[in-house]
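**Student:** Below is the structure I would like to discuss, written out as structure tokens.
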Amino acid sequence: MFESLSHFALQQYWWVIVSLIASLLVFLFFVQGGQTLIFTLGKNELERKMIVNALGRKWEFTFTTLVTFGGAFFASFPLFYSTSFGGAYWVWMIILFAFVIQAVAYEFRTKPGNFLGQRTYEAFLIANGALGTILIGAAVGSFFTGSDFSVNKLNLTNIFEGGSTTISSWEGPAYGLEAALNIQNLALGLAIFFLARILGILYFMNSIQDENIFKRSKKQLVVNSIPFLVFFLLFVVLMLTSVGYAVIPESGVDPMFWRIQQEPFKYLNNFLEMPLVLIMFLLGVVMVLLGIATSAFKAEFTKGIWFTGTGTVLTVFSLFMVVGLNNTAFYPSNFDLQSSLTIMNSSSSKFTLMVMSYVSLLVPFVLAYIFYAWRSLNLKKIDAEEMRSGDHAY
Amino acid sequence: MGNFDMSLINWSRGQFAMSAMFHWIFVPLTLGLIILVAIMETIYVRTGDEKWKKLTKFWGKLFGINFAIGVATGIILEFEFGTNWSNYSWFVGDIFGAPLAIEGIMAFFMESTFIAVMFFGWNKVSKRFHLTSTWLVALGANLSALWILVANAWMQYPAGTAFNPITARNEMNDFWAVLFSPVAVNKFLHTVASGYVLAAVFVIGVSSWFLLKNRDALFAKRSILIASVFGITSSLFLIWTGDESAKQVADKQPVKFAAMESLWEGRTNAPLIAFGVLKDMSHPKTEDDLTKRDFVFKFEIPSMLSILAFLDPNAYVPGIKDLVTGYTNPTTGITHLSFSQKKEKGKEAIAALKGYKEALQNNDAELLKTYKVKFEDKNWMENTFKYFGYGYYEKDAIAGLLPNIPLAFYSFHIMVLLSGHFLALFILMLFFTMKDRIGRMKWLLYIGIWTIPLAYLASQLGWVLAELGRQPWVIQDLMPTLAAVSRIDAGTVQLTFWLFAITFTILLIAEIRILLKQINKGITGGQ
């Protein structure tokens with residue numbers, strides 16, 4: 001079935017898949033957001049134990065989704081992998097570090113002999129929650145604002161007259177850390193950080209049976225929504241009014257060589273030219289807000305996570321559509337415009353995308369068993385009694 | 001090597017080796033222990049005997065602790081292909097990315113979903129659903145090994161691909177050839193078998209400690225029984241796939257093969273060094289250093305190497321010198337190129353790629369056509385382009401083109417000797433457990449405990465041989481390590497090297513201490 005698709009159709013299909021994984025990842029950042037609230041919402045050991053255990057059953061989904069996001073991006077757009085990871089070295093390394101320390105924190109936190117002490121592992125969780133969300137947000141922000149790098153495949157043959165043989169070179173001053181200094185990138189990073197905290201709060205309201213935690217969650221929901229709205233709006237306004245990076249169709253022998261030029265209001269135009277994406281974006285934002293408002297003002301409402309969660313997926317997904325489709329360079333270079341990455345010039349071969357498309361058919365099956373297993377564990381909410389019974393708890 | 005920053009290359013290699021070796025401390029135990037846990041739980045579900053449930057939970061707990069740190073050390077590896085091996089990621093991303101993505105979609109989600117059921121589901125889901133979950137974790141863990149080993153096998157033996165000069169990379173043209181390449185299949189089987197053996201040694205070692213302390217004796221004996229049967233089966237499988245692996249290396253990576261036997265000059269009826277101590281460990285710098293080297297002592301089996309490699313005692317096994325200077329195989333009559341000849345061809349291939357790309361850039365249709373013909377000429381691709389990677393080396397460079405020979409030699413021999421030791425241990429353990437005399441065999445129990453670190457050693461050495469023996473290539477003959485690296489400061493890599501080395505060391509200490517505490521709690525006391 002995928003054999004009949006053109007290379008370009010497959011590139012778009014894979015951009016959609018990668019975007020979908022990215023948007024699920026942001027939803028699953030409720031784990032990261034929740035981690036930063038351990039001490040805000042839990043005022044004694046038992047409460048904190050409930051919070052950590054509520055997250056401890058889910059953290060691996062976020063982690064695995066991040067790993068799969070990396071793998072899928074590598075398989076479908078390898079030039080992004082080699083350019084961004086090998087160039088924005090420090091950003092990705094700090095993100096990795098934040099996830100390395102998270103992976104042991106749950107399992108080791110309360111185990112006797114854990115060497116570093118419980119508080120250290122809790123600090124790991126908080127660091128992961130803050131660094132992971134802000135830096136990934138800022139890194140994705142650079143999809144809209146561009147970075148300084150150059151790509152020249154001819155470098156591979158640089159053995160005769162000298163010079164680097166590396167295809168992708170980072171030309172920015174701080175191996176990617178400079179991305180976090182751009183206001184628009186930072187706004188996105190902080191918006192994602194506060195959104196993750198909101199999602200974390202809504203998740204606790206849904207899965208923990210404890211009056212005090214519930215009350216504090218409600219209060220924190222409002223407290224975190226304000227900065228979220230400020231940073232999110234700031235990002236959206238800056239993005240819509242910014243000069244974007246457009247691909248000029250038919251400007252080269254092959255879509256791989258089509259030229260890139262700057263275009264004012266490119267992302268606004270993309271929304272207008274892809275009305276379905278615009279509807280998705282608006283619907284997403286409304287659902288995010290609806291979930292927050294209902295949970296904050298309706299007394300016993302616990303289902304906010306599903307509204308805000310779905311809204312998050314829709315919003316992030318539509319942002320990825322806007323930055324990658326409709327003849328847009330999704331990873332622009334400000335150093336050399338023509339080095340910018342598009343889904344056409346950075347992708348895998350038609351054959352590989354076709355093979356991988358068959359693999360993507362597994363995704364619904366994976367989602368189905370995750371849903372089934374998730375439900376069977378979450379049928380009963382976490383409460384103090386379960387924590388005291390002590391059967392495998394973090 | 002004027003073009004190349006050797007300090008950057010070495011630190012990048014060091015960082016990858018360090019993180020891979022840390023990761024590999026935890027993975028083999030995960031692969032094997034989960035199967036033992038699943039077997040124990042199956043017995044519990046079948047018999048309803050609560051003692052088996054206790055055993056399942058005890059070993060399951062140790063599995064969980066080990067699994068967490070395995071995950072922590074694993075994520076960095078996936079991303080390091082991009083961060084430190086940028087050129088590599090592009091040059092082979094079309095093939096290499098696919099198995100990594102499939103690993104995520106197919107295996108990691110299965111593991112992470114059902115591991116939560118395994119740990120938190122005891123009182124929440126039915127016995128059968130729980131058992132199924134445990135087996136699915138086992139399946140997921142082993143599937144993830146499959147995909148990453150397919151990727152690794154491709155680096156040793158690139159199959160199912162063709163070079164595309166327009167994109168300047170290798171592109172997949174046959175997925176099944178990548179997946180079912182004989183090297184991939186064998187590498188997967190050999191590697192998981194090594195994990196099973198290590199897990200069996202681990203369970204036996206820990207149980208031996210319980211028996212020596214006279215604690216939870218019944219539980220310990222049951223564990224030893226299961227682990228020794230599992231260990232014997234896995235050991236035989238390990239030896240069989242190991243033999244197959246050696247044959248493949250002899251055929252596809254002859255330099256690695258010569259290095260692991262420290263065979264300097266080729267011969268027919270080549271003997272196998274069962275064990276020996278090398279006299280001269282220096283790395284050859286010029287062709288004059290390639291003469292036969294003595295051993296301090298050696299114990300050898302006549303003609304065995306020829307048989308092992310080619311199933312024929314009269315087969316000619318080329319030595320390092322032959323491979324460097326070129327040789328004609330007296331049995332087959334086939335002539336093999338020298339390194340210098342390969343370098344010439346490699347330079348020609350690189351020049352052709354350069355010409356092609358420039359013609360493309362300048363829109364020179366005529367020139368483009370000439371090059372196109374070249375890249376479409378099967379004969380040229382198979383006889384010249386094949387040596388693309390050699391072109392990166394200067395004319396008389398030898399040192400950089402050979403792996404560390406003593407390291408390959410000792411890794412191989414210690415690994416093989418230890419695998420024999422493991423098999424013997426499993427057989428003795430099984431024998432004395434069946435006779436119900438195991439509790440009195442103190443010497444054997446001590447050996448059981450002290451074999452645990454040996455199993456880890458053997459497991460690491462296997463990878464040292466596979467990966468250091470592959471040097472200088474990241475992809476055999478196509479891309480040398482020095483052309484694969486990202487363009488960053490050596491100092492930056494140095495910093496991240498130490499950041500991760502220190503972090504992983506601290507986490508390893510924490511993990512070992514937690515494991516020891518849990519073991520010390522005992523099987524019945526540790527609930």
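Residue numbers start at 1 in each chain; chains themselves are named A, B, ... in the order of the structure tokens; ligands are numbered from 1 in the order shown.
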Write out as a ChimeraX atom specification each polymer residue whose atoms come within 12 Å of B:Thr30, counting only C-alpha atoms; drop sequence neighbours fewer than 3 positions from it.
**Tutor:** /B:23-27,33-37,59-71,111,115,137-142,144-145,192,194-200,202
**Student:** If we count only C-alpha atoms and set the cut-off at 12 Å, which residues sit around stretch 469-472 of chain B, ignoring sequence neighbours fewer than 3 positions away in its own chain? Please answer as an NGL selection string.
**Tutor:** :B and (9-10 or 13 or 152-157 or 249 or 252-262 or 389-390 or 392-393 or 398-412 or 461-466 or 475-484)
**Student:** For B:Leu236, find every residue with an atom within 10 Å (counting only C-alpha atoms), except residues of its own chain fewer than 4 positions away, and show them as an MDAnalysis selection string.
**Tutor:** chainID B and resid 193 197 231:232 240:242 419:420 423
**Student:** Quick one: residues within 8 Å of B:Glu344, only C-alpha atoms counted, chain neighbours fewer than 4 positions away excluded, as JSON, numbers by chain?
**Tutor:** {"B": [340, 348, 390, 391]}
**Student:** Work out how far atom CA of B:Met281 is from atom CA of B:Trp498, in Å to one decimal.
**Tutor:**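 Those two atoms sit 28.9 Å apart.
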**Student:** If you measure from atom CA of B:Gly439 to atom CA of B:Met40, what distance in Å do you get, rounded to one decimal?
**Tutor:**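 Between these atoms lies a distance of 21.4 Å.
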**Student:** With DSSP run on the backbone, what are the strand (DSSP E or B) residues within stretch 161-373 of chain B? I'd like them as a PyMOL selection string.
**Tutor:** chain B and resi 161-164+169-172+267-268+272-278+295-301+316-317+327-328+335-336
**Student:** Under the rule of at most 10 Å, produce a per-residue listing of stretch 319-361 of chain A near stretch 74-97 of chain B: chain, number, name, the closest pair of atoms, and the distance in Å, as a tab-separated table, using only C-alpha atoms.
**Tutor:**
residue	atom	partner	partner_atom	distance
A:Ser346	CA	B:Trp90	CA	9.2
A:Ser347	CA	B:Asp94	CA	8.3
A:Ser348	CA	B:Asp94	CA	5.1
A:Ser349	CA	B:Asp94	CA	6.6
A:Lys350	CA	B:Asp94	CA	9.7
A:Phe351	CA	B:Asp94	CA	9.2
A:Thr352	CA	B:Asp94	CA	6.5
A:Leu353	CA	B:Asp94	CA	8.8
A:Met356	CA	B:Gly97	CA	9.9
**Student:** Counting only C-alpha atoms, which of B:Ile350, B:Leu31, B:Leu149, B:Ala359 gets nearest to chain A?
**Tutor:**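 Closest to chain A of all the choices is B:Ile350.
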**Student:** Nearest to chain B: which of A:Ala368, A:Met321, A:Leu268, A:Val355 is it, counting only C-alpha atoms?
**Tutor:**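 Ranked by minimum distance to chain B, first place goes to A:Val355.
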**Student:** Applying 8 Å and only C-alpha atoms, which residues near B:Asp294 remain after dropping the ones on its own chain fewer than 6 positions away? List them as a PyMOL selection string.
**Tutor:** chain B and resi 278-280
**Student:** Would you pick out the contacts of A:Val253 at 10 Å or less, using only C-alpha atoms, so that residues sharing its chain but fewer than 3 positions from it are not included, and give the list as a VMD selection string?
**Tutor:** (chain A and resid 250 256 to 258) or (chain B and resid 360 363)
**Student:** Which residues are near stretch 192-209 of chain A? Cut-off 9 Å, only C-alpha atoms, ignore same chain within fewer than 5 positions. Put them as a ChimeraX atom specification.
**Tutor:** /A:26-37,41,50-51,54-55,129-134,136-137,187,214-215,217-218,220-222,224-229,231-232,291-292,295,301-306,308-309,312,378,380-384
**Student:** For each of A:Thr315, A:Gln102, A:Ser142, A:Asn212, take the minimum atom-to-atom distance to chain B, counting only C-alpha atoms, then give the residue where this is smallest.
**Tutor:**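 Checking each of A:Thr315, A:Gln102, A:Ser142, A:Asn212 against chain B, counting only C-alpha atoms, the winner is A:Gln102.
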